[in-house]
$ cat model.cif   # mmCIF, C-alpha atoms; chains and numbers go by the auth columns
data_upload
loop_
_atom_site.group_PDB
_atom_site.id
_atom_site.type_symbol
_atom_site.label_atom_id
_atom_site.label_comp_id
_atom_site.label_asym_id
_atom_site.label_seq_id
_atom_site.Cartn_x
_atom_site.Cartn_y
_atom_site.Cartn_z
_atom_site.B_iso_or_equiv
_atom_site.auth_seq_id
_atom_site.auth_asym_id
ATOM 1 C CA MET A 1 -8.285 -35.702 -20.815 0.00 1308 W
ATOM 2 C CA PRO A 2 -4.734 -34.429 -20.324 0.00 1309 W
ATOM 3 C CA LEU A 3 -4.162 -31.445 -18.061 0.00 1310 W
ATOM 4 C CA VAL A 4 -2.041 -28.965 -20.004 0.00 1311 W
ATOM 5 C CA LEU A 5 -0.939 -25.622 -18.592 0.00 1312 W
ATOM 6 C CA ASP A 6 -1.495 -22.928 -21.188 0.00 1313 W
ATOM 7 C CA ALA A 7 1.712 -21.062 -20.452 0.00 1314 W
ATOM 8 C CA ALA A 8 5.314 -20.960 -21.474 0.00 1315 W
ATOM 9 C CA MET A 9 8.214 -21.630 -19.177 0.00 1316 W
ATOM 10 C CA PRO A 10 9.524 -18.300 -17.868 0.00 1317 W
ATOM 11 C CA ASP A 11 12.969 -17.365 -19.077 0.00 1318 W
ATOM 12 C CA ILE A 12 15.084 -17.155 -15.933 0.00 1319 W
ATOM 13 C CA PRO A 13 18.571 -15.788 -16.561 0.00 1320 W
ATOM 14 C CA PRO A 14 21.422 -17.550 -14.744 0.00 1321 W
ATOM 15 C CA PRO A 15 22.932 -15.761 -11.743 0.00 1322 W
ATOM 16 C CA GLN A 16 25.781 -13.495 -12.683 0.00 1323 W
ATOM 17 C CA ALA A 17 28.992 -14.964 -11.321 0.00 1324 W
ATOM 18 C CA ALA A 18 31.582 -12.783 -9.694 0.00 1325 W
ATOM 19 C CA THR A 19 35.206 -12.995 -10.710 0.00 1326 W
ATOM 20 C CA ASP A 20 36.334 -14.025 -7.242 0.00 1327 W
ATOM 21 C CA MET A 21 34.978 -17.540 -6.667 0.00 1328 W
ATOM 22 C CA ALA A 22 35.171 -18.382 -2.975 0.00 1329 W
ATOM 23 C CA PRO A 23 33.859 -21.278 -0.857 0.00 1330 W
ATOM 24 C CA VAL A 24 30.359 -21.020 0.534 0.00 1331 W
ATOM 25 C CA GLY A 25 30.268 -18.641 3.455 0.00 1332 W
ATOM 26 C CA PRO A 26 29.015 -15.263 4.590 0.00 1333 W
ATOM 27 C CA HIS A 27 31.574 -13.448 2.424 0.00 1334 W
ATOM 28 C CA SER A 28 31.687 -15.749 -0.629 0.00 1335 W
ATOM 29 C CA ASP A 29 30.106 -15.561 -4.057 0.00 1336 W
ATOM 30 C CA PRO A 30 26.423 -16.635 -4.264 0.00 1337 W
ATOM 31 C CA ALA A 31 26.827 -17.862 -7.847 0.00 1338 W
ATOM 32 C CA SER A 32 29.491 -20.359 -6.817 0.00 1339 W
ATOM 33 C CA ALA A 33 27.221 -21.640 -4.056 0.00 1340 W
ATOM 34 C CA LEU A 34 24.371 -22.117 -6.539 0.00 1341 W
ATOM 35 C CA ALA A 35 26.522 -23.781 -9.203 0.00 1342 W
ATOM 36 C CA PRO A 36 26.116 -27.386 -7.897 0.00 1343 W
ATOM 37 C CA ILE A 37 22.304 -27.245 -7.814 0.00 1344 W
ATOM 38 C CA GLU A 38 21.483 -24.785 -10.576 0.00 1345 W
ATOM 39 C CA PRO A 39 21.476 -27.362 -13.443 0.00 1346 W
ATOM 40 C CA ARG A 40 19.047 -29.634 -11.584 0.00 1347 W
ATOM 41 C CA ILE A 41 16.776 -26.708 -10.734 0.00 1348 W
ATOM 42 C CA ARG A 42 16.576 -25.792 -14.409 0.00 1349 W
ATOM 43 C CA GLU A 43 15.858 -29.416 -15.316 0.00 1350 W
ATOM 44 C CA LEU A 44 13.061 -29.565 -12.764 0.00 1351 W
ATOM 45 C CA ALA A 45 11.586 -26.319 -14.073 0.00 1352 W
ATOM 46 C CA SER A 46 11.736 -27.578 -17.644 0.00 1353 W
ATOM 47 C CA ASP A 47 10.021 -30.827 -16.661 0.00 1354 W
ATOM 48 C CA ALA A 48 7.355 -28.970 -14.674 0.00 1355 W
ATOM 49 C CA TRP A 49 6.406 -26.833 -17.673 0.00 1356 W
ATOM 50 C CA ALA A 50 6.421 -29.771 -20.091 0.00 1357 W
ATOM 51 C CA ILE A 51 4.656 -32.512 -18.130 0.00 1358 W
ATOM 52 C CA GLU A 52 1.025 -33.456 -18.699 0.00 1359 W
ATOM 53 C CA ILE A 53 -1.336 -35.534 -16.581 0.00 1360 W
ATOM 54 C CA ARG A 54 -2.900 -38.302 -18.649 0.00 1361 W
ATOM 55 C CA ASP A 55 -3.388 -41.103 -16.149 0.00 1362 W
ATOM 56 C CA GLN A 56 -2.611 -42.232 -12.600 0.00 1363 W
ATOM 57 C CA ALA A 57 1.043 -42.860 -13.421 0.00 1364 W
ATOM 58 C CA SER A 58 1.605 -39.372 -14.801 0.00 1365 W
ATOM 59 C CA TYR A 59 -0.329 -37.942 -11.852 0.00 1366 W
ATOM 60 C CA GLN A 60 2.133 -39.683 -9.527 0.00 1367 W
ATOM 61 C CA ALA A 61 5.020 -38.382 -11.634 0.00 1368 W
ATOM 62 C CA VAL A 62 3.752 -34.858 -11.063 0.00 1369 W
ATOM 63 C CA ALA A 63 3.578 -35.517 -7.318 0.00 1370 W
ATOM 64 C CA ASP A 64 7.162 -36.849 -7.297 0.00 1371 W
ATOM 65 C CA LEU A 65 8.352 -33.867 -9.300 0.00 1372 W
ATOM 66 C CA LEU A 66 6.611 -31.506 -6.919 0.00 1373 W
ATOM 67 C CA THR A 67 8.237 -33.193 -3.922 0.00 1374 W
ATOM 68 C CA GLU A 68 11.704 -32.777 -5.407 0.00 1375 W
ATOM 69 C CA ILE A 69 11.005 -29.167 -6.325 0.00 1376 W
ATOM 70 C CA LYS A 70 9.945 -28.407 -2.754 0.00 1377 W
ATOM 71 C CA GLY A 71 13.100 -30.059 -1.445 0.00 1378 W
ATOM 72 C CA MET A 72 15.217 -27.998 -3.801 0.00 1379 W
ATOM 73 C CA ALA A 73 13.379 -24.872 -2.684 0.00 1380 W
ATOM 74 C CA LYS A 74 14.385 -25.633 0.898 0.00 1381 W
ATOM 75 C CA GLN A 75 18.015 -25.847 -0.203 0.00 1382 W
ATOM 76 C CA LEU A 76 17.695 -22.468 -1.872 0.00 1383 W
ATOM 77 C CA ASP A 77 16.156 -21.045 1.291 0.00 1384 W
ATOM 78 C CA GLY A 78 19.151 -22.294 3.258 0.00 1385 W
ATOM 79 C CA LEU A 79 21.643 -20.746 0.861 0.00 1386 W
ATOM 80 C CA GLU A 80 19.679 -17.515 0.757 0.00 1387 W
ATOM 81 C CA ALA A 81 19.827 -17.362 4.542 0.00 1388 W
ATOM 82 C CA ILE A 82 23.625 -17.637 4.369 0.00 1389 W
ATOM 83 C CA PHE A 83 24.039 -14.791 1.903 0.00 1390 W
ATOM 84 C CA VAL A 84 20.999 -12.560 2.365 0.00 1391 W
ATOM 85 C CA THR A 85 20.164 -12.732 6.066 0.00 1392 W
ATOM 86 C CA PRO A 86 23.419 -11.054 7.215 0.00 1393 W
ATOM 87 C CA LEU A 87 22.802 -8.235 4.735 0.00 1394 W
ATOM 88 C CA GLU A 88 19.214 -7.801 5.899 0.00 1395 W
ATOM 89 C CA THR A 89 20.366 -7.800 9.524 0.00 1396 W
ATOM 90 C CA ALA A 90 22.980 -5.151 8.745 0.00 1397 W
ATOM 91 C CA ALA A 91 20.365 -3.094 6.908 0.00 1398 W
ATOM 92 C CA LYS A 92 18.003 -3.274 9.890 0.00 1399 W
ATOM 93 C CA ARG A 93 20.760 -2.153 12.235 0.00 1400 W
ATOM 94 C CA ALA A 94 21.658 0.737 9.944 0.00 1401 W
ATOM 95 C CA LYS A 95 18.013 1.793 9.703 0.00 1402 W
ATOM 96 C CA ALA A 96 17.758 1.663 13.485 0.00 1403 W
ATOM 97 C CA VAL A 97 20.640 4.141 13.681 0.00 1404 W
ATOM 98 C CA PHE A 98 19.048 6.505 11.171 0.00 1405 W
ATOM 99 C CA LYS A 99 15.461 6.166 12.384 0.00 1406 W
ATOM 100 C CA PRO A 100 15.632 8.397 15.505 0.00 1407 W
ATOM 101 C CA LEU A 101 17.058 11.313 13.536 0.00 1408 W
ATOM 102 C CA VAL A 102 14.653 10.776 10.657 0.00 1409 W
ATOM 103 C CA GLU A 103 11.698 10.692 13.060 0.00 1410 W
ATOM 104 C CA LEU A 104 13.030 13.776 14.850 0.00 1411 W
ATOM 105 C CA LEU A 105 13.111 15.728 11.589 0.00 1412 W
ATOM 106 C CA LYS A 106 9.669 14.464 10.561 0.00 1413 W
ATOM 107 C CA GLY A 107 8.200 15.464 13.909 0.00 1414 W
ATOM 108 C CA SER A 108 9.834 18.878 13.736 0.00 1415 W
ATOM 109 C CA GLU A 109 8.581 19.446 10.195 0.00 1416 W
ATOM 110 C CA LYS A 110 5.058 18.402 11.200 0.00 1417 W
ATOM 111 C CA ARG A 111 5.021 20.764 14.187 0.00 1418 W
ATOM 112 C CA LEU A 112 6.254 23.746 12.171 0.00 1419 W
ATOM 113 C CA LYS A 113 3.650 23.115 9.490 0.00 1420 W
ATOM 114 C CA GLU A 114 0.946 22.883 12.154 0.00 1421 W
ATOM 115 C CA LEU A 115 2.138 26.156 13.672 0.00 1422 W
ATOM 116 C CA GLY A 116 2.094 27.847 10.264 0.00 1423 W
ATOM 117 C CA LYS A 117 -1.364 26.478 9.457 0.00 1424 W
ATOM 118 C CA ALA A 118 -2.764 27.636 12.808 0.00 1425 W
ATOM 119 C CA PHE A 119 -1.298 31.115 12.293 0.00 1426 W
ATOM 120 C CA VAL A 120 -2.676 31.431 8.765 0.00 1427 W
ATOM 121 C CA GLU A 121 -6.139 30.306 9.864 0.00 1428 W
ATOM 122 C CA ALA A 122 -6.098 32.639 12.882 0.00 1429 W
ATOM 123 C CA GLU A 123 -4.998 35.572 10.724 0.00 1430 W
ATOM 124 C CA ALA A 124 -7.756 34.837 8.234 0.00 1431 W
ATOM 125 C CA ALA A 125 -10.320 34.776 11.039 0.00 1432 W
ATOM 126 C CA ARG A 126 -8.998 38.030 12.525 0.00 1433 W
ATOM 127 C CA GLU A 127 -8.973 39.754 9.142 0.00 1434 W
ATOM 128 C CA ALA A 128 -12.522 38.600 8.487 0.00 1435 W
ATOM 129 C CA GLN A 129 -13.597 40.033 11.838 0.00 1436 W
ATOM 130 C CA ARG A 130 -11.849 43.356 11.127 0.00 1437 W
ATOM 131 C CA THR A 131 -13.458 43.545 7.698 0.00 1438 W
ATOM 132 C CA GLN A 132 -16.892 42.803 9.088 0.00 1439 W
ATOM 133 C CA ALA A 133 -16.374 45.431 11.801 0.00 1440 W
ATOM 134 C CA ARG A 134 -15.388 48.043 9.186 0.00 1441 W
ATOM 135 C CA GLN A 135 -18.401 47.178 7.060 0.00 1442 W
ATOM 136 C CA ALA A 136 -20.721 47.341 10.046 0.00 1443 W
ATOM 137 C CA HIS A 137 -19.313 50.720 11.041 0.00 1444 W
ATOM 138 C CA ALA A 138 -19.656 52.038 7.495 0.00 1445 W
ATOM 139 C CA ILE A 139 -23.263 50.890 7.312 0.00 1446 W
ATOM 140 C CA ALA A 140 -24.088 52.344 10.742 0.00 1447 W
ATOM 141 C CA SER A 141 -22.558 55.733 9.958 0.00 1448 W
ATOM 142 C CA ALA A 142 -24.031 56.094 6.456 0.00 1449 W
ATOM 143 C CA PRO A 143 -27.390 57.688 5.621 0.00 1450 W
ATOM 144 C CA ILE A 144 -30.318 55.243 5.749 0.00 1451 W
ATOM 145 C CA PRO A 145 -30.779 54.711 1.934 0.00 1452 W
ATOM 146 C CA VAL A 146 -27.011 54.271 1.461 0.00 1453 W
ATOM 147 C CA ALA A 147 -26.823 51.969 4.477 0.00 1454 W
ATOM 148 C CA ALA A 148 -29.579 49.753 3.100 0.00 1455 W
ATOM 149 C CA THR A 149 -27.799 49.473 -0.255 0.00 1456 W
ATOM 150 C CA ALA A 150 -24.460 48.709 1.451 0.00 1457 W
ATOM 151 C CA ALA A 151 -26.017 46.097 3.683 0.00 1458 W
ATOM 152 C CA ALA A 152 -27.609 44.339 0.696 0.00 1459 W
ATOM 153 C CA SER A 153 -24.280 44.210 -1.175 0.00 1460 W
ATOM 154 C CA THR A 154 -22.176 43.042 1.796 0.00 1461 W
ATOM 155 C CA PRO A 155 -20.636 39.610 1.093 0.00 1462 W
ATOM 156 C CA ALA A 156 -21.636 36.877 3.544 0.00 1463 W
ATOM 157 C CA VAL A 157 -18.102 35.462 3.858 0.00 1464 W
ATOM 158 C CA TYR A 158 -14.814 37.238 3.389 0.00 1465 W
ATOM 159 C CA VAL A 159 -11.693 35.183 2.674 0.00 1466 W
ATOM 160 C CA ALA A 160 -8.584 37.178 3.447 0.00 1467 W
ATOM 161 C CA PRO A 161 -5.342 36.487 1.572 0.00 1468 W
ATOM 162 C CA PRO A 162 -3.072 34.260 3.670 0.00 1469 W
ATOM 163 C CA PRO A 163 0.138 35.623 5.205 0.00 1470 W
ATOM 164 C CA LYS A 164 3.309 34.986 3.233 0.00 1471 W
ATOM 165 C CA ALA A 165 6.729 33.748 4.380 0.00 1472 W
ATOM 166 C CA ALA A 166 9.689 32.761 2.238 0.00 1473 W
ATOM 167 C CA GLY A 167 9.887 28.977 2.170 0.00 1474 W
ATOM 168 C CA MET A 168 6.339 28.433 3.448 0.00 1475 W
ATOM 169 C CA SER A 169 3.029 28.549 1.649 0.00 1476 W
ATOM 170 C CA THR A 170 -0.477 27.193 2.015 0.00 1477 W
ATOM 171 C CA GLN A 171 -2.418 24.929 -0.270 0.00 1478 W
ATOM 172 C CA LYS A 172 -6.041 23.850 -0.273 0.00 1479 W
ATOM 173 C CA ALA A 173 -6.897 20.283 -1.228 0.00 1480 W
ATOM 174 C CA TRP A 174 -10.191 18.428 -1.200 0.00 1481 W
ATOM 175 C CA THR A 175 -10.253 15.337 0.995 0.00 1482 W
ATOM 176 C CA TYR A 176 -12.885 13.207 2.749 0.00 1483 W
ATOM 177 C CA LYS A 177 -13.848 11.421 5.961 0.00 1484 W
ATOM 178 C CA VAL A 178 -16.451 8.663 6.095 0.00 1485 W
ATOM 179 C CA GLU A 179 -18.762 9.641 8.958 0.00 1486 W
ATOM 180 C CA ASP A 180 -21.641 7.189 8.349 0.00 1487 W
ATOM 181 C CA ILE A 181 -20.611 3.935 6.679 0.00 1488 W
ATOM 182 C CA ARG A 182 -24.207 2.674 6.767 0.00 1489 W
ATOM 183 C CA ALA A 183 -25.428 5.690 4.821 0.00 1490 W
ATOM 184 C CA LEU A 184 -22.676 5.175 2.248 0.00 1491 W
ATOM 185 C CA ALA A 185 -23.529 1.469 1.972 0.00 1492 W
ATOM 186 C CA GLY A 186 -27.169 2.400 1.512 0.00 1493 W
ATOM 187 C CA ALA A 187 -26.270 4.755 -1.312 0.00 1494 W
ATOM 188 C CA VAL A 188 -24.271 1.983 -2.976 0.00 1495 W
ATOM 189 C CA ALA A 189 -27.190 -0.433 -2.564 0.00 1496 W
ATOM 190 C CA ALA A 190 -29.544 2.151 -4.069 0.00 1497 W
ATOM 191 C CA GLY A 191 -27.223 2.629 -7.012 0.00 1498 W
ATOM 192 C CA THR A 192 -26.780 6.356 -6.461 0.00 1499 W
ATOM 193 C CA VAL A 193 -22.986 6.023 -5.996 0.00 1500 W
ATOM 194 C CA PRO A 194 -20.551 3.491 -7.511 0.00 1501 W
ATOM 195 C CA ALA A 195 -19.875 0.237 -5.660 0.00 1502 W
ATOM 196 C CA GLY A 196 -16.168 1.085 -5.783 0.00 1503 W
ATOM 197 C CA TYR A 197 -16.758 3.635 -3.018 0.00 1504 W
ATOM 198 C CA LEU A 198 -16.932 0.676 -0.630 0.00 1505 W
ATOM 199 C CA GLN A 199 -14.117 -1.791 -0.073 0.00 1506 W
ATOM 200 C CA ALA A 200 -14.653 -5.171 1.539 0.00 1507 W
ATOM 201 C CA ASN A 201 -12.512 -5.960 4.573 0.00 1508 W
ATOM 202 C CA ALA A 202 -10.887 -9.145 3.259 0.00 1509 W
ATOM 203 C CA GLY A 203 -9.254 -9.956 6.600 0.00 1510 W
ATOM 204 C CA GLU A 204 -12.481 -9.826 8.580 0.00 1511 W
ATOM 205 C CA LEU A 205 -14.430 -11.721 5.909 0.00 1512 W
ATOM 206 C CA GLN A 206 -11.828 -14.493 5.775 0.00 1513 W
ATOM 207 C CA ALA A 207 -11.773 -14.758 9.571 0.00 1514 W
ATOM 208 C CA ALA A 208 -15.567 -14.997 9.627 0.00 1515 W
ATOM 209 C CA VAL A 209 -15.615 -17.763 7.011 0.00 1516 W
ATOM 210 C CA ARG A 210 -12.909 -19.716 8.834 0.00 1517 W
ATOM 211 C CA SER A 211 -14.862 -19.405 12.076 0.00 1518 W
ATOM 212 C CA GLY A 212 -17.803 -21.196 10.473 0.00 1519 W
ATOM 213 C CA ILE A 213 -20.017 -18.417 9.168 0.00 1520 W
ATOM 214 C CA ARG A 214 -21.666 -19.526 5.927 0.00 1521 W
ATOM 215 C CA ASP A 215 -24.233 -16.813 5.216 0.00 1522 W
ATOM 216 C CA ILE A 216 -23.208 -13.198 4.596 0.00 1523 W
ATOM 217 C CA PRO A 217 -25.507 -11.002 2.470 0.00 1524 W
ATOM 218 C CA GLY A 218 -23.893 -10.169 -0.848 0.00 1525 W
ATOM 219 C CA VAL A 219 -21.028 -12.626 -0.328 0.00 1526 W
ATOM 220 C CA ARG A 220 -20.729 -16.051 -1.979 0.00 1527 W
ATOM 221 C CA ILE A 221 -19.025 -18.492 0.386 0.00 1528 W
ATOM 222 C CA PHE A 222 -17.641 -21.601 -1.306 0.00 1529 W
ATOM 223 C CA GLN A 223 -14.905 -24.224 -1.105 0.00 1530 W
ATOM 224 C CA GLN A 224 -11.803 -24.323 -3.267 0.00 1531 W
ATOM 225 C CA THR A 225 -9.587 -27.308 -3.977 0.00 1532 W
ATOM 226 C CA ARG A 226 -5.920 -26.783 -3.177 0.00 1533 W
ATOM 227 C CA MET A 227 -3.059 -29.088 -4.046 0.00 1534 W
ATOM 228 C CA VAL A 228 -0.909 -29.916 -1.019 0.00 1535 W
ATOM 229 C CA SER A 229 2.497 -31.582 -1.246 0.00 1536 W
ATOM 230 C CA ARG A 230 4.858 -32.882 1.388 0.00 1537 W
#
$ encode --input "model.cif" --output "structure tokens"
Amino acid sequence: MPLVLDAAMPDIPPPQAATDMAPVGPHSDPASALAPIEPRIRELASDAWAIEIRDQASYQAVADLLTEIKGMAKQLDGLEAIFVTPLETAAKRAKAVFKPLVELLKGSEKRLKELGKAFVEAEAAREAQRTQARQAHAIASAPIPVAATAAASTPAVYVAPPPKAAGMSTQKAWTYKVEDIRALAGAVAAGTVPAGYLQANAGELQAAVRSGIRDIPGVRIFQQTRMVSR
């Protein structure tokens, strides 16, 4: 039975050529460097999306086509290194120049925000203490029936309004911290929380399978066939 890929060949636009066509080199035009091999690459792509495997001969034809495609990919890698690598190197050097100042500003911003947060929280705690002290004094100095009524109506927690400063404000946001992964896994196993609350560690699982482990509860370990070409 023929092996047919149920897909269409992707439409890859040709590289846009620059007006100044120069020889291959660090400062030349990439399109001119690709011009000698571009037609063959497109032919190979067209063949790859059209070929079918019907017998041993066509299977070998696919292998030969794959070998040529891999060789052409190596040529592209070489050309890309000529044109792209110098740009990436320059970008890394530029980022290295900017990075210390960027990190300095980030660190300064973080410290100022931490200072502001600590002040707001301390002020809230102090205001709560002052309020509780005033309430306690009012209850202690009031007549007994009034004191009992005041004590019963006293709020358990007082949240003072945060201090204000132009350019700074506080926000409250809900977040989380997993403190007992086994308890969370147990809740998932019991069906009381969605399974999406847990995420498998793909790196550790793959390392375990490669090391020879073949039995992990809840995990199907199997072999896959991969095509390898030289």
$ atom_distance --input "model.cif" --atom1 "atom CA of W:Ile1488" --atom2 "atom CA of W:Val1526"
18.0 Å
$ residues_around --input "model.cif" --residues "W:Gly1378" --least-positions-apart "3" --cutoff "12 Å" --atoms "only C-alpha atoms" --output "list in words"
Ile1344, Arg1347, Ile1348, Leu1351, Asp1371, Leu1372, Leu1373, Thr1374, Glu1375, Lys1381, Gln1382, Leu1383, Asp1384, Gly1385, Ser1536 and Arg1537 of chain W
$ residues_around --input "model.cif" --residues "W:Pro1470" --least-positions-apart "4" --cutoff "9 Å" --atoms "only C-alpha atoms" --output "PyMOL selection string"
chain W and resi 1426-1427+1430-1431+1476
$ resolve_selection --input "model.cif" --expression "the PyMOL selection byres ((chain W and resi 1388-1391) around 12)" --output "NGL selection string"
:W and (1331-1341 or 1381-1387 or 1392-1398)
$ closest_residue --input "model.cif" --among "W:Pro1501, W:Ala1509, W:Glu1428, W:Val1369" --to "W:Met1534" --atoms "all atoms listed in the file"
W:Val1369
